[in-house]
file data_4.txt (compact mmCIF, C-alpha atoms and all ligand atoms)
# COMPACT_ATOMS: atom_id res chain seq x y z
CA MET A 962 27.79 -13.33 -21.42
CA LYS A 963 24.50 -15.20 -21.43
CA ILE A 964 23.80 -18.01 -23.82
CA ALA A 965 20.27 -19.39 -23.98
CA VAL A 966 19.93 -23.01 -25.04
CA LEU A 967 16.50 -23.85 -26.39
CA SER A 968 14.52 -26.40 -28.33
CA GLY A 969 10.99 -26.84 -29.61
CA LYS A 970 10.26 -29.82 -27.43
CA GLY A 971 11.76 -31.61 -24.46
CA GLY A 972 14.19 -34.47 -24.87
CA THR A 973 16.07 -33.08 -27.87
CA GLY A 974 19.32 -32.69 -25.98
CA LYS A 975 18.89 -29.14 -24.71
CA THR A 976 20.02 -30.13 -21.23
CA LEU A 977 22.81 -32.35 -22.61
CA VAL A 978 24.21 -29.43 -24.59
CA SER A 979 23.94 -26.80 -21.86
CA VAL A 980 25.27 -29.05 -19.10
CA ASN A 981 28.26 -30.20 -21.15
CA LEU A 982 29.13 -26.78 -22.54
CA ALA A 983 29.07 -25.36 -19.03
CA SER A 984 31.25 -28.23 -17.79
CA ALA A 985 33.72 -27.77 -20.62
CA ALA A 986 34.27 -24.13 -19.69
CA LYS A 987 36.89 -23.09 -17.19
CA GLU A 988 34.26 -21.47 -15.08
CA ALA A 989 30.58 -21.17 -15.85
CA ILE A 990 27.10 -20.71 -14.52
CA TYR A 991 24.39 -23.14 -15.44
CA MET A 992 20.91 -21.79 -14.96
CA ASP A 993 17.96 -24.12 -15.25
CA CYS A 994 14.91 -22.19 -16.43
CA ASP A 995 13.04 -25.32 -17.40
CA VAL A 996 11.21 -24.83 -14.12
CA GLU A 997 8.56 -27.49 -14.64
CA GLU A 998 11.18 -30.16 -15.15
CA PRO A 999 14.57 -28.91 -14.01
CA ASN A 1000 16.85 -31.82 -14.85
CA GLY A 1001 20.26 -30.19 -14.99
CA ARG A 1002 20.77 -30.61 -11.25
CA LEU A 1003 20.49 -34.39 -11.66
CA PHE A 1004 23.67 -34.24 -13.73
CA PHE A 1005 25.54 -31.68 -11.71
CA LYS A 1006 24.57 -32.99 -8.28
CA PRO A 1007 25.49 -29.60 -6.85
CA LYS A 1008 26.81 -29.18 -3.30
CA ASN A 1009 26.40 -26.43 -0.71
CA ILE A 1010 22.85 -25.83 -1.80
CA THR A 1011 21.05 -22.77 -0.60
CA SER A 1012 17.46 -22.20 -1.51
CA GLU A 1013 15.15 -19.27 -1.59
CA SER A 1014 11.42 -19.44 -2.09
CA VAL A 1015 9.71 -17.34 -4.71
CA SER A 1016 6.26 -15.96 -4.15
CA ILE A 1017 3.72 -13.88 -5.97
CA LYS A 1018 1.08 -11.53 -4.61
CA ILE A 1019 -2.49 -12.78 -4.56
CA PRO A 1020 -5.35 -10.57 -3.36
CA PHE A 1021 -7.67 -11.68 -0.62
CA ALA A 1022 -10.82 -10.04 0.61
CA ASP A 1023 -11.83 -8.94 4.07
CA GLN A 1024 -15.47 -9.92 3.84
CA LYS A 1025 -16.39 -7.54 6.69
CA LEU A 1026 -15.25 -4.52 4.66
CA CYS A 1027 -16.60 -5.69 1.31
CA ILE A 1028 -19.85 -4.01 0.28
CA GLY A 1029 -20.32 -6.14 -2.82
CA CYS A 1030 -19.91 -3.33 -5.35
CA ARG A 1031 -18.14 -5.74 -7.71
CA LYS A 1032 -15.68 -3.15 -8.98
CA CYS A 1033 -12.91 -5.68 -8.49
CA ILE A 1034 -14.74 -8.26 -10.58
CA ASP A 1035 -15.38 -5.85 -13.43
CA PHE A 1036 -11.79 -4.73 -13.33
CA CYS A 1037 -10.14 -8.13 -13.45
CA LYS A 1038 -9.31 -8.85 -17.09
CA PHE A 1039 -8.47 -12.41 -16.18
CA ASN A 1040 -11.83 -13.11 -14.53
CA ALA A 1041 -10.03 -14.37 -11.47
CA ILE A 1042 -12.64 -13.07 -9.02
CA ALA A 1043 -16.22 -14.18 -8.45
CA PHE A 1044 -18.89 -12.92 -6.11
CA ILE A 1045 -20.93 -15.73 -4.62
CA ILE A 1046 -23.51 -15.47 -1.87
CA ASN A 1047 -22.13 -12.13 -0.70
CA LYS A 1048 -18.55 -13.29 -0.73
CA VAL A 1049 -15.64 -12.32 -2.91
CA ILE A 1050 -13.67 -15.37 -4.02
CA VAL A 1051 -10.27 -15.10 -5.72
CA PHE A 1052 -9.06 -17.91 -7.96
CA ASP A 1053 -5.34 -18.10 -7.28
CA ASP A 1054 -4.54 -20.21 -10.29
CA VAL A 1055 -6.10 -17.71 -12.69
CA CYS A 1056 -4.89 -14.53 -10.98
CA HIS A 1057 -1.97 -12.84 -12.74
CA SER A 1058 -0.93 -10.80 -9.71
CA CYS A 1059 -1.45 -7.46 -11.43
CA GLY A 1060 -2.61 -5.84 -8.17
CA GLY A 1061 -5.28 -3.85 -10.00
CA CYS A 1062 -8.26 -5.05 -7.99
CA VAL A 1063 -6.55 -4.04 -4.75
CA LEU A 1064 -6.12 -0.48 -6.04
CA PHE A 1065 -9.65 -0.36 -7.36
CA CYS A 1066 -11.56 -1.53 -4.31
CA PRO A 1067 -13.28 1.58 -2.90
CA GLU A 1068 -13.63 0.01 0.54
CA LYS A 1069 -10.04 -1.17 0.84
CA ALA A 1070 -11.43 -4.60 1.45
CA LEU A 1071 -8.75 -6.23 -0.68
CA SER A 1072 -5.16 -6.70 0.36
CA GLU A 1073 -2.34 -8.83 -0.91
CA LYS A 1074 -0.86 -11.94 0.56
CA ASP A 1075 2.16 -13.89 -0.56
CA LYS A 1076 1.72 -17.18 -2.25
CA ILE A 1077 4.80 -19.35 -2.71
CA ILE A 1078 5.00 -20.74 -6.22
CA GLY A 1079 8.41 -22.36 -6.15
CA GLU A 1080 12.04 -21.92 -5.22
CA VAL A 1081 15.45 -21.07 -6.57
CA GLN A 1082 18.26 -23.43 -5.54
CA SER A 1083 21.91 -22.48 -5.89
CA GLY A 1084 24.83 -24.81 -5.49
CA VAL A 1085 28.26 -25.63 -6.84
CA SER A 1086 29.44 -28.53 -8.94
CA GLU A 1087 33.20 -28.32 -9.52
CA ASN A 1088 33.73 -25.48 -12.01
CA VAL A 1089 30.05 -24.75 -12.45
CA SER A 1090 27.66 -22.72 -10.33
CA VAL A 1091 24.31 -24.40 -10.65
CA ILE A 1092 21.18 -22.30 -10.25
CA THR A 1093 17.88 -24.09 -10.56
CA GLY A 1094 14.33 -22.82 -10.70
CA ILE A 1095 11.71 -25.23 -9.37
CA LEU A 1096 8.04 -24.49 -9.92
CA ASN A 1097 5.53 -26.09 -7.59
CA THR A 1098 3.20 -28.41 -9.44
CA GLY A 1099 -0.12 -26.95 -10.44
CA GLU A 1100 1.13 -23.38 -10.64
CA ALA A 1101 -0.17 -21.44 -13.60
CA SER A 1102 2.94 -19.58 -14.61
CA GLY A 1103 6.66 -20.00 -14.06
CA VAL A 1104 7.38 -16.51 -15.37
CA PRO A 1105 7.85 -14.87 -11.95
CA LEU A 1106 10.27 -17.64 -11.07
CA ILE A 1107 12.29 -17.11 -14.25
CA LYS A 1108 12.42 -13.38 -13.57
CA LYS A 1109 13.85 -14.14 -10.17
CA LEU A 1110 16.40 -16.56 -11.66
CA LEU A 1111 17.62 -14.12 -14.27
CA ASN A 1112 17.80 -11.29 -11.76
CA ASN A 1113 20.27 -13.32 -9.76
CA ASN A 1114 23.33 -11.17 -9.33
CA LEU A 1115 25.57 -13.97 -10.53
CA ALA A 1116 23.81 -14.04 -13.90
CA GLY A 1117 26.03 -12.85 -16.69
CA LYS A 1118 29.10 -12.37 -14.47
CA ALA A 1119 30.69 -15.48 -15.85
CA LEU A 1120 29.81 -17.44 -18.95
CA THR A 1121 26.17 -18.31 -18.29
CA PHE A 1122 24.19 -21.06 -19.94
CA ILE A 1123 20.43 -20.76 -19.67
CA ASP A 1124 18.64 -24.07 -20.07
CA CYS A 1125 15.28 -22.82 -21.36
CA PRO A 1126 11.87 -24.44 -21.06
CA PRO A 1127 10.87 -26.32 -24.24
CA GLY A 1128 8.54 -24.73 -26.76
CA SER A 1129 8.00 -21.09 -27.61
CA ALA A 1130 5.45 -19.84 -25.06
CA CYS A 1131 5.77 -16.68 -23.00
CA ILE A 1132 7.91 -18.46 -20.42
CA VAL A 1133 10.52 -19.17 -23.11
CA MET A 1134 10.43 -15.55 -24.24
CA GLU A 1135 11.09 -14.50 -20.66
CA SER A 1136 14.09 -16.86 -20.57
CA ILE A 1137 15.75 -15.57 -23.73
CA LYS A 1138 14.86 -11.89 -23.34
CA ASP A 1139 18.21 -10.90 -21.85
CA ALA A 1140 20.35 -13.53 -23.53
CA ASP A 1141 23.24 -12.41 -25.70
CA TYR A 1142 23.05 -15.45 -27.89
CA CYS A 1143 20.63 -18.29 -28.60
CA LEU A 1144 21.64 -21.86 -29.31
CA MET A 1145 18.89 -23.99 -30.80
CA VAL A 1146 19.21 -27.72 -30.32
CA ALA A 1147 17.52 -29.91 -32.91
CA GLU A 1148 17.16 -33.52 -33.87
CA PRO A 1149 17.83 -34.64 -37.43
CA THR A 1150 14.26 -35.67 -38.25
CA LEU A 1151 11.34 -34.00 -40.00
CA PHE A 1152 9.66 -33.59 -36.65
CA GLY A 1153 12.89 -32.08 -35.37
CA VAL A 1154 12.74 -29.56 -38.21
CA HIS A 1155 9.23 -28.60 -37.19
CA ASN A 1156 10.39 -27.97 -33.62
CA LEU A 1157 13.47 -26.12 -34.77
CA ASN A 1158 11.36 -23.87 -36.94
CA MET A 1159 9.23 -23.00 -33.91
CA VAL A 1160 12.16 -21.71 -31.86
CA TYR A 1161 13.77 -20.20 -34.94
CA GLU A 1162 10.70 -18.00 -35.41
CA LEU A 1163 11.03 -16.95 -31.78
CA VAL A 1164 14.70 -15.98 -31.88
CA LYS A 1165 14.09 -14.07 -35.09
CA LEU A 1166 11.24 -12.22 -33.42
CA PHE A 1167 13.56 -11.23 -30.58
CA LYS A 1168 16.33 -10.41 -33.05
CA LYS A 1169 18.77 -12.56 -31.13
CA PRO A 1170 22.00 -13.74 -32.72
CA HIS A 1171 21.60 -17.47 -33.00
CA ALA A 1172 22.94 -20.74 -34.27
CA ALA A 1173 22.02 -24.40 -34.18
CA VAL A 1174 23.52 -27.48 -32.60
CA LEU A 1175 22.38 -30.74 -34.15
CA ASN A 1176 22.00 -33.71 -31.87
CA LYS A 1177 21.81 -37.45 -32.58
CA CYS A 1178 23.44 -37.09 -35.98
CA LEU A 1179 23.84 -40.19 -38.16
CA GLU A 1180 25.51 -40.67 -41.51
CA GLY A 1181 23.31 -39.72 -44.43
CA GLU A 1182 20.32 -37.47 -44.69
CA ASN A 1183 19.69 -34.83 -42.10
CA PRO A 1184 16.55 -32.75 -42.65
CA ALA A 1185 17.54 -30.39 -39.81
CA GLU A 1186 20.83 -29.68 -41.55
CA ASP A 1187 19.02 -29.02 -44.83
CA PHE A 1188 16.67 -26.66 -43.00
CA CYS A 1189 19.58 -24.74 -41.49
CA ARG A 1190 21.25 -24.42 -44.86
CA GLU A 1191 18.04 -23.24 -46.45
CA LYS A 1192 17.44 -20.60 -43.75
CA ASP A 1193 21.09 -19.69 -43.51
CA ILE A 1194 21.38 -20.74 -39.87
CA LYS A 1195 24.91 -21.46 -38.71
CA ILE A 1196 25.49 -24.94 -37.37
CA LEU A 1197 27.95 -24.68 -34.50
CA GLY A 1198 28.19 -28.33 -33.75
CA LYS A 1199 26.99 -31.79 -34.57
CA ILE A 1200 26.71 -34.34 -31.81
CA PRO A 1201 26.92 -37.88 -33.17
CA PHE A 1202 24.34 -40.49 -32.31
CA ASP A 1203 26.47 -42.76 -30.23
CA SER A 1204 25.52 -45.29 -27.64
CA GLU A 1205 28.31 -44.42 -25.20
CA LEU A 1206 27.13 -40.83 -24.99
CA GLY A 1207 23.57 -42.09 -24.68
CA THR A 1208 24.49 -44.36 -21.78
CA LEU A 1209 26.42 -41.66 -19.93
CA ASN A 1210 23.49 -39.33 -20.41
CA SER A 1211 20.84 -41.76 -19.26
CA ASN A 1212 22.93 -42.48 -16.15
CA ALA A 1213 22.86 -38.75 -15.41
CA LEU A 1214 26.62 -38.45 -15.90
CA ILE A 1215 28.26 -35.47 -17.53
CA SER A 1216 30.09 -36.87 -20.54
CA VAL A 1217 32.67 -34.06 -20.53
CA ARG A 1218 33.72 -35.12 -17.04
CA GLU A 1219 33.80 -38.81 -17.88
CA ASN A 1220 35.51 -39.11 -21.21
CA GLN A 1221 38.26 -37.10 -22.93
CA LYS A 1222 36.67 -37.71 -26.32
CA TYR A 1223 33.57 -35.81 -25.31
CA ARG A 1224 35.57 -33.19 -23.49
CA ASP A 1225 37.34 -32.46 -26.75
CA MET A 1226 34.10 -32.39 -28.67
CA PHE A 1227 32.32 -29.98 -26.34
CA SER A 1228 35.44 -27.87 -25.76
CA SER A 1229 35.81 -27.21 -29.45
CA MET A 1230 32.10 -26.51 -29.69
CA LEU A 1231 32.45 -24.09 -26.81
CA GLN A 1232 35.30 -22.33 -28.56
CA ILE A 1233 33.24 -21.87 -31.68
CA VAL A 1234 30.30 -20.65 -29.61
CA ALA A 1235 32.47 -18.18 -27.69
CA LYS A 1236 33.98 -16.85 -30.89
CA GLU A 1237 30.55 -16.48 -32.45
CA VAL A 1238 29.12 -14.70 -29.45
CA GLN A 1239 32.04 -12.30 -29.31
CA HIS A 1240 31.77 -11.64 -33.01
CA GLU A 1241 28.03 -10.96 -32.72
CA THR A 1242 28.33 -8.73 -29.69
CA VAL A 1243 31.09 -6.70 -31.31
CA ALA A 1244 29.09 -6.44 -34.52
CA ASN A 1245 26.04 -5.27 -32.61
CA SER A 1246 27.61 -2.80 -30.27
CA MET B 1210 -37.33 -23.98 -10.32
CA LYS B 1211 -35.13 -22.01 -12.70
CA ILE B 1212 -32.46 -23.78 -14.70
CA ALA B 1213 -29.72 -22.69 -17.12
CA ILE B 1214 -28.48 -24.36 -20.30
CA PRO B 1215 -25.67 -23.15 -22.57
CA VAL B 1216 -27.19 -22.79 -26.06
CA ASP B 1217 -26.05 -21.95 -29.58
CA ASP B 1218 -28.82 -19.54 -30.49
CA LYS B 1219 -31.45 -17.22 -29.08
CA SER B 1220 -34.40 -19.38 -30.10
CA THR B 1221 -36.37 -22.22 -28.57
CA GLU B 1222 -35.33 -24.40 -31.52
CA THR B 1223 -31.67 -24.04 -30.63
CA SER B 1224 -29.44 -26.84 -29.37
CA VAL B 1225 -27.19 -27.33 -26.36
CA CYS B 1226 -23.76 -25.72 -26.78
CA GLN B 1227 -20.78 -28.01 -26.16
CA SER B 1228 -18.86 -25.41 -24.16
CA PHE B 1229 -20.18 -24.00 -20.94
CA GLY B 1230 -17.71 -21.11 -20.69
CA ARG B 1231 -17.55 -20.20 -24.37
CA THR B 1232 -21.21 -20.58 -25.29
CA PRO B 1233 -22.74 -17.47 -26.91
CA TYR B 1234 -25.99 -17.63 -24.89
CA TYR B 1235 -27.67 -19.24 -21.92
CA LEU B 1236 -31.26 -20.30 -21.86
CA ILE B 1237 -32.80 -19.57 -18.47
CA TYR B 1238 -35.87 -21.72 -18.18
CA ASP B 1239 -38.48 -21.76 -15.46
CA THR B 1240 -39.82 -25.28 -15.05
CA GLU B 1241 -43.01 -24.03 -13.37
CA SER B 1242 -44.04 -21.09 -15.53
CA LYS B 1243 -42.33 -22.65 -18.60
CA GLU B 1244 -40.89 -19.25 -19.41
CA SER B 1245 -37.68 -18.91 -21.41
CA VAL B 1246 -35.22 -16.05 -21.23
CA PHE B 1247 -31.95 -15.83 -23.15
CA LEU B 1248 -28.85 -14.33 -21.62
CA ASP B 1249 -25.74 -13.21 -23.48
CA ASN B 1250 -22.55 -14.82 -22.26
CA SER B 1251 -20.20 -11.89 -21.83
CA ALA B 1252 -17.40 -14.34 -21.05
CA ALA B 1253 -17.48 -15.92 -24.52
CA ALA B 1254 -14.68 -13.71 -25.82
CA SER B 1255 -12.63 -13.52 -22.61
CA GLN B 1256 -8.88 -14.05 -22.74
CA GLY B 1257 -8.88 -16.28 -19.72
CA GLY B 1258 -11.04 -17.25 -16.81
CA ALA B 1259 -14.07 -17.55 -19.09
CA GLY B 1260 -15.47 -20.33 -16.96
CA ILE B 1261 -15.41 -18.21 -13.79
CA LYS B 1262 -17.04 -15.24 -15.47
CA ALA B 1263 -19.65 -17.44 -17.13
CA ALA B 1264 -20.38 -19.12 -13.82
CA GLN B 1265 -20.83 -15.68 -12.27
CA THR B 1266 -23.50 -14.90 -14.88
CA ILE B 1267 -25.27 -18.13 -13.99
CA VAL B 1268 -25.05 -17.44 -10.25
CA ASP B 1269 -26.45 -13.94 -10.79
CA SER B 1270 -29.38 -15.30 -12.74
CA LYS B 1271 -30.42 -17.12 -9.57
CA VAL B 1272 -30.97 -20.53 -11.10
CA SER B 1273 -30.97 -23.72 -9.04
CA ALA B 1274 -29.46 -26.00 -11.65
CA LEU B 1275 -27.19 -25.95 -14.69
CA LEU B 1276 -27.55 -28.49 -17.48
CA THR B 1277 -24.33 -28.77 -19.48
CA PRO B 1278 -22.31 -31.37 -21.40
CA ARG B 1279 -19.12 -30.41 -19.53
CA CYS B 1280 -17.73 -27.90 -17.09
CA GLY B 1281 -14.30 -26.73 -15.99
CA GLU B 1282 -12.93 -26.95 -12.48
CA ASN B 1283 -13.03 -23.26 -11.59
CA ALA B 1284 -16.52 -22.75 -12.97
CA ALA B 1285 -17.71 -25.81 -11.07
CA ASP B 1286 -16.21 -24.37 -7.87
CA VAL B 1287 -18.14 -21.12 -8.34
CA LEU B 1288 -21.38 -22.95 -9.07
CA LYS B 1289 -21.01 -25.36 -6.17
CA ALA B 1290 -20.25 -22.50 -3.79
CA ALA B 1291 -23.54 -20.98 -4.89
CA ASN B 1292 -25.35 -24.31 -4.33
CA ILE B 1293 -26.23 -24.70 -7.99
CA LYS B 1294 -26.62 -28.32 -9.04
CA LEU B 1295 -24.77 -29.50 -12.15
CA TYR B 1296 -26.49 -31.98 -14.41
CA LYS B 1297 -25.07 -33.65 -17.47
CA THR B 1298 -27.07 -33.15 -20.65
CA VAL B 1299 -28.18 -36.33 -22.43
CA ASN B 1300 -28.12 -34.99 -25.99
CA ALA B 1301 -28.23 -31.72 -27.94
CA SER B 1302 -31.99 -31.21 -27.73
CA ILE B 1303 -33.21 -28.61 -25.26
CA GLN B 1304 -36.62 -30.23 -24.88
CA ASP B 1305 -35.22 -33.74 -24.31
CA ASN B 1306 -33.04 -32.45 -21.52
CA ILE B 1307 -35.81 -30.47 -19.84
CA ASP B 1308 -38.07 -33.53 -20.06
CA ALA B 1309 -35.35 -35.74 -18.64
CA LEU B 1310 -34.84 -33.34 -15.77
CA ASN B 1311 -38.57 -33.24 -15.03
CA ASP B 1312 -38.64 -37.04 -15.05
CA GLY B 1313 -35.69 -37.13 -12.71
CA LYS B 1314 -33.61 -38.92 -15.33
CA LEU B 1315 -30.65 -36.56 -15.55
CA SER B 1316 -27.54 -37.59 -13.71
CA LEU B 1317 -25.23 -35.20 -11.92
CA LEU B 1318 -22.17 -34.05 -13.87
CA GLU B 1319 -19.16 -35.92 -12.53
CA ASP B 1320 -16.35 -35.37 -15.01
CA ILE B 1321 -15.15 -31.90 -14.19
CA HIS B 1322 -12.16 -31.11 -16.39
CA PRO B 1323 -9.13 -29.28 -15.00
CA GLY B 1324 -8.76 -25.60 -15.80
CA PHE B 1325 -6.66 -24.30 -18.63
CA HIS B 1326 -5.10 -21.67 -16.39
CA GLY B 1327 -5.97 -18.69 -18.46
CA HIS B 1328 -4.60 -20.09 -21.69
CA GLY B 1329 -7.97 -20.83 -23.18
CA GLY B 1330 -10.84 -22.63 -21.55
S1 LIG C 1401 -4.50 -9.10 -8.90
FE1 LIG C 1401 -5.13 -8.64 -11.02
S2 LIG C 1401 -5.38 -10.68 -11.94
FE2 LIG C 1401 -5.36 -11.00 -9.72
S3 LIG C 1401 -7.51 -10.93 -9.14
FE3 LIG C 1401 -6.75 -8.84 -8.91
S4 LIG C 1401 -7.21 -7.84 -10.87
FE4 LIG C 1401 -7.40 -10.04 -11.19
S1 LIG C 1402 -14.24 -3.88 -5.04
FE1 LIG C 1402 -13.96 -4.22 -2.83
S2 LIG C 1402 -15.94 -3.74 -1.92
FE2 LIG C 1402 -16.28 -4.00 -4.12
S3 LIG C 1402 -16.83 -6.16 -4.33
FE3 LIG C 1402 -14.64 -6.05 -4.64
S4 LIG C 1402 -13.78 -6.41 -2.63
FE4 LIG C 1402 -15.92 -5.93 -2.30

call {"tool": "encode", "arguments": {"input": "data_4.txt", "output": "structure tokens", "more": "lines below"}}
Ligand code: SF4
Ligand code: SF4
result
Amino acid sequence: MKIAVLSGKGGTGKTLVSVNLASAAKEAIYMDCDVEEPNGRLFFKPKNITSESVSIKIPFADQKLCIGCRKCIDFCKFNAIAFIINKVIVFDDVCHSCGGCVLFCPEKALSEKDKIIGEVQSGVSENVSVITGILNTGEASGVPLIKKLLNNNLAGKALTFIDCPPGSACIVMESIKDADYCLMVAEPTLFGVHNLNMVYELVKLFKKPHAAVLNKCLEGENPAEDFCREKDIKILGKIPFDSELGTLNSNALISVRENQKYRDMFSSMLQIVAKEVQHETVANS
Amino acid sequence: MKIAIPVDDKSTETSVCQSFGRTPYYLIYDTESKESVFLDNSAAASQGGAGIKAAQTIVDSKVSALLTPRCGENAADVLKAANIKLYKTVNASIQDNIDALNDGKLSLLEDIHPGFHGHGG
């Protein structure tokens, strides 16, 4: 069972929710797909880390074989190749690794080389297997890295929480594609509603069963709650705005492991989530 | 010497276009013969890598210099590899910029902005 945890922007509590839900479970997998800023590992401090690099294929030209016909340049939809002073130049950061130019070159002057774009780290933190995707800075797309993460043979074996990248770009779509359930984390402000709406549109598009978790809740008005009611989005949990939780979180401690109060809170949230997911999967199968 | 300028229209009255990669046309101007030719920018509607494709057009037109308000990293790499000098335009007027170049008053373009990695640019 794979549960994707997402939010419209960073810092809304997406990592807080996924890390604590995973910790509250008897056994779980936490998968960090927020590859540009994978923070979950700072909380879990996993041990026995193994890492595996992830690479993509980038074409390169053998200038001796190239006759300058420019078929590769005309073919490349992404304009990743230029021909300058009788030399073919490939722009790695624009190339989408489609391999088309290599097939098209009549002189077989193009071949592919591996380019490492990041790594996948796996480790263990008590009851949680922690799998983290780390994208090298400056890389154009983390999508190949996410594919690798989600293809991990552990994925889905146990209860899996996918900590998604913020926003709703293609990298987020890749992260939720195979999820059984989507949990949207939102803050109780108007801006929070805007962000929630963004991911809500996305989960609707992918027809994923979904619900919201509201973070930093205070007494009184809560525009995010109003939004959920209006759109008929289930609210599976409300995390209070409380300084103790804030302190634990900013010290990179997992509140479930530190304080029984939070263990109870996230455990009951987890139960509701599990029930919901089961209900949805039964209803959809 | 032949130079290139991104322009809004195919006329000598046109003004400098603010985007090098997304401009609809380039003016190719010969400072000796004072001849003007307009080139379509086939990269204008590209999904990504517009700067690289546009720079390729400029390289193929065999100019020695490009006058532009700004330029992306990848495009600048293509142009530099082809030994094309990049100058920063002083205002939107074509004539003012050509005059400034002839008087040696144009400065080289320094602020090359980072690429948008295929998500625009
Ligand atoms: S692999 Fe595809 S995207 Fe990359 S340069 Fe070749 S044609 Fe372009
Ligand atoms: S298709 Fe092959 S031979 Fe033609 S320009 Fe490209 S690399 Fe050179």

call {"tool": "interface_residues", "arguments": {"input": "data_4.txt", "of": "chain A", "to": "chain B", "cutoff": "9 Å", "atoms": "all atoms listed in the file", "output": "list in words"}}
result
Ile1034, Lys1038, Phe1039, Asn1040, Ala1041, Ile1042, Ala1043, Phe1044, Ile1045, Ile1046, Ile1050, Phe1052, Asp1054, Val1055, Cys1056, Glu1100, Ala1101 and Ser1102 of chain A

call {"tool": "residues_near_ligand", "arguments": {"input": "data_4.txt", "ligand": "ligand LIG 1402 (chain C)", "cutoff": "12 Å", "atoms": "all atoms listed in the file", "output": "ChimeraX atom specification"}}
result
/A:1020-1037,1041-1051,1061-1073

call {"tool": "axis_aligned_box", "arguments": {"input": "data_4.txt", "around": "ligand LIG 1401 (chain C)", "padding_each_side": "6 Å", "output": "lines of an AutoDock Vina configuration file"}}
result
center_x = -6.0
center_y = -9.4
center_z = -10.4
size_x = 15.0
size_y = 15.2
size_z = 15.0

call {"tool": "atom_distance", "arguments": {"input": "data_4.txt", "atom1": "CA of Ala989 in chain A", "atom2": "CA of Ser1228 in chain A"}}
result
12.9 Å

call {"tool": "residues_around", "arguments": {"input": "data_4.txt", "residues": "range 1300-1312 of chain B", "least_positions_apart": "2", "cutoff": "9 Å", "atoms": "only C-alpha atoms", "output": "ChimeraX atom specification"}}
result
/B:1214,1216,1221-1227,1238,1240,1276,1278,1296,1298,1314-1316

call {"tool": "residues_around", "arguments": {"input": "data_4.txt", "residues": "Ala1185 in chain A", "least_positions_apart": "6", "cutoff": "9 Å", "atoms": "all atoms listed in the file", "output": "PyMOL selection string"}}
result
chain A and resi 1147-1151+1153-1155+1157+1175

call {"tool": "atom_distance", "arguments": {"input": "data_4.txt", "atom1": "CA of Ile1017 in chain A", "atom2": "CA of Cys1280 in chain B"}}
result
27.9 Å

call {"tool": "atom_distance", "arguments": {"input": "data_4.txt", "atom1": "CA of Asn1210 in chain A", "atom2": "CA of Met992 in chain A"}}
result
18.5 Å

call {"tool": "closest_residue", "arguments": {"input": "data_4.txt", "among": "A:Asn1158, A:Thr1098, A:Asn1113, A:Ser1058", "to": "ligand LIG 1401 (chain C)", "atoms": "all atoms listed in the file"}}
result
A:Ser1058

call {"tool": "closest_residue", "arguments": {"input": "data_4.txt", "among": "A:Lys1138, A:Lys970, A:Lys1076, A:Arg1002", "to": "Lys1018 in chain A", "atoms": "only C-alpha atoms"}}
result
A:Lys1076

call {"tool": "residues_around", "arguments": {"input": "data_4.txt", "residues": "Leu1096 in chain A", "least_positions_apart": "6", "cutoff": "8 Å", "atoms": "only C-alpha atoms", "output": "PyMOL selection string"}}
result
chain A and resi 996-997+1078-1080+1103+1106

call {"tool": "residues_near_point", "arguments": {"input": "data_4.txt", "point": "(-16.3, -20.2, -25.2)", "cutoff": "9 Å", "atoms": "only C-alpha atoms", "output": "PyMOL selection string"}}
result
chain B and resi 1228-1233+1250+1252-1255+1259-1260+1329-1330

call {"tool": "residues_near_point", "arguments": {"input": "data_4.txt", "point": "(-16.9, -31.8, -15.0)", "cutoff": "8 Å", "atoms": "all atoms listed in the file", "output": "PDB file with C-alpha atoms, in the frame of the given file"}}
result
ATOM      1  CA  ARG B1279     -19.120 -30.410 -19.530  1.00  0.00           C
ATOM      2  CA  CYS B1280     -17.730 -27.900 -17.090  1.00  0.00           C
ATOM      3  CA  GLY B1281     -14.300 -26.730 -15.990  1.00  0.00           C
ATOM      4  CA  GLU B1282     -12.930 -26.950 -12.480  1.00  0.00           C
ATOM      5  CA  ALA B1285     -17.710 -25.810 -11.070  1.00  0.00           C
ATOM      6  CA  LEU B1318     -22.170 -34.050 -13.870  1.00  0.00           C
ATOM      7  CA  GLU B1319     -19.160 -35.920 -12.530  1.00  0.00           C
ATOM      8  CA  ASP B1320     -16.350 -35.370 -15.010  1.00  0.00           C
ATOM      9  CA  ILE B1321     -15.150 -31.900 -14.190  1.00  0.00           C
ATOM     10  CA  HIS B1322     -12.160 -31.110 -16.390  1.00  0.00           C
TER      11      HIS B1322
END

call {"tool": "closest_residue", "arguments": {"input": "data_4.txt", "among": "A:Ser968, A:Lys963, A:Gly1060, A:Thr1011", "to": "ligand LIG 1401 (chain C)", "atoms": "all atoms listed in the file"}}
result
A:Gly1060
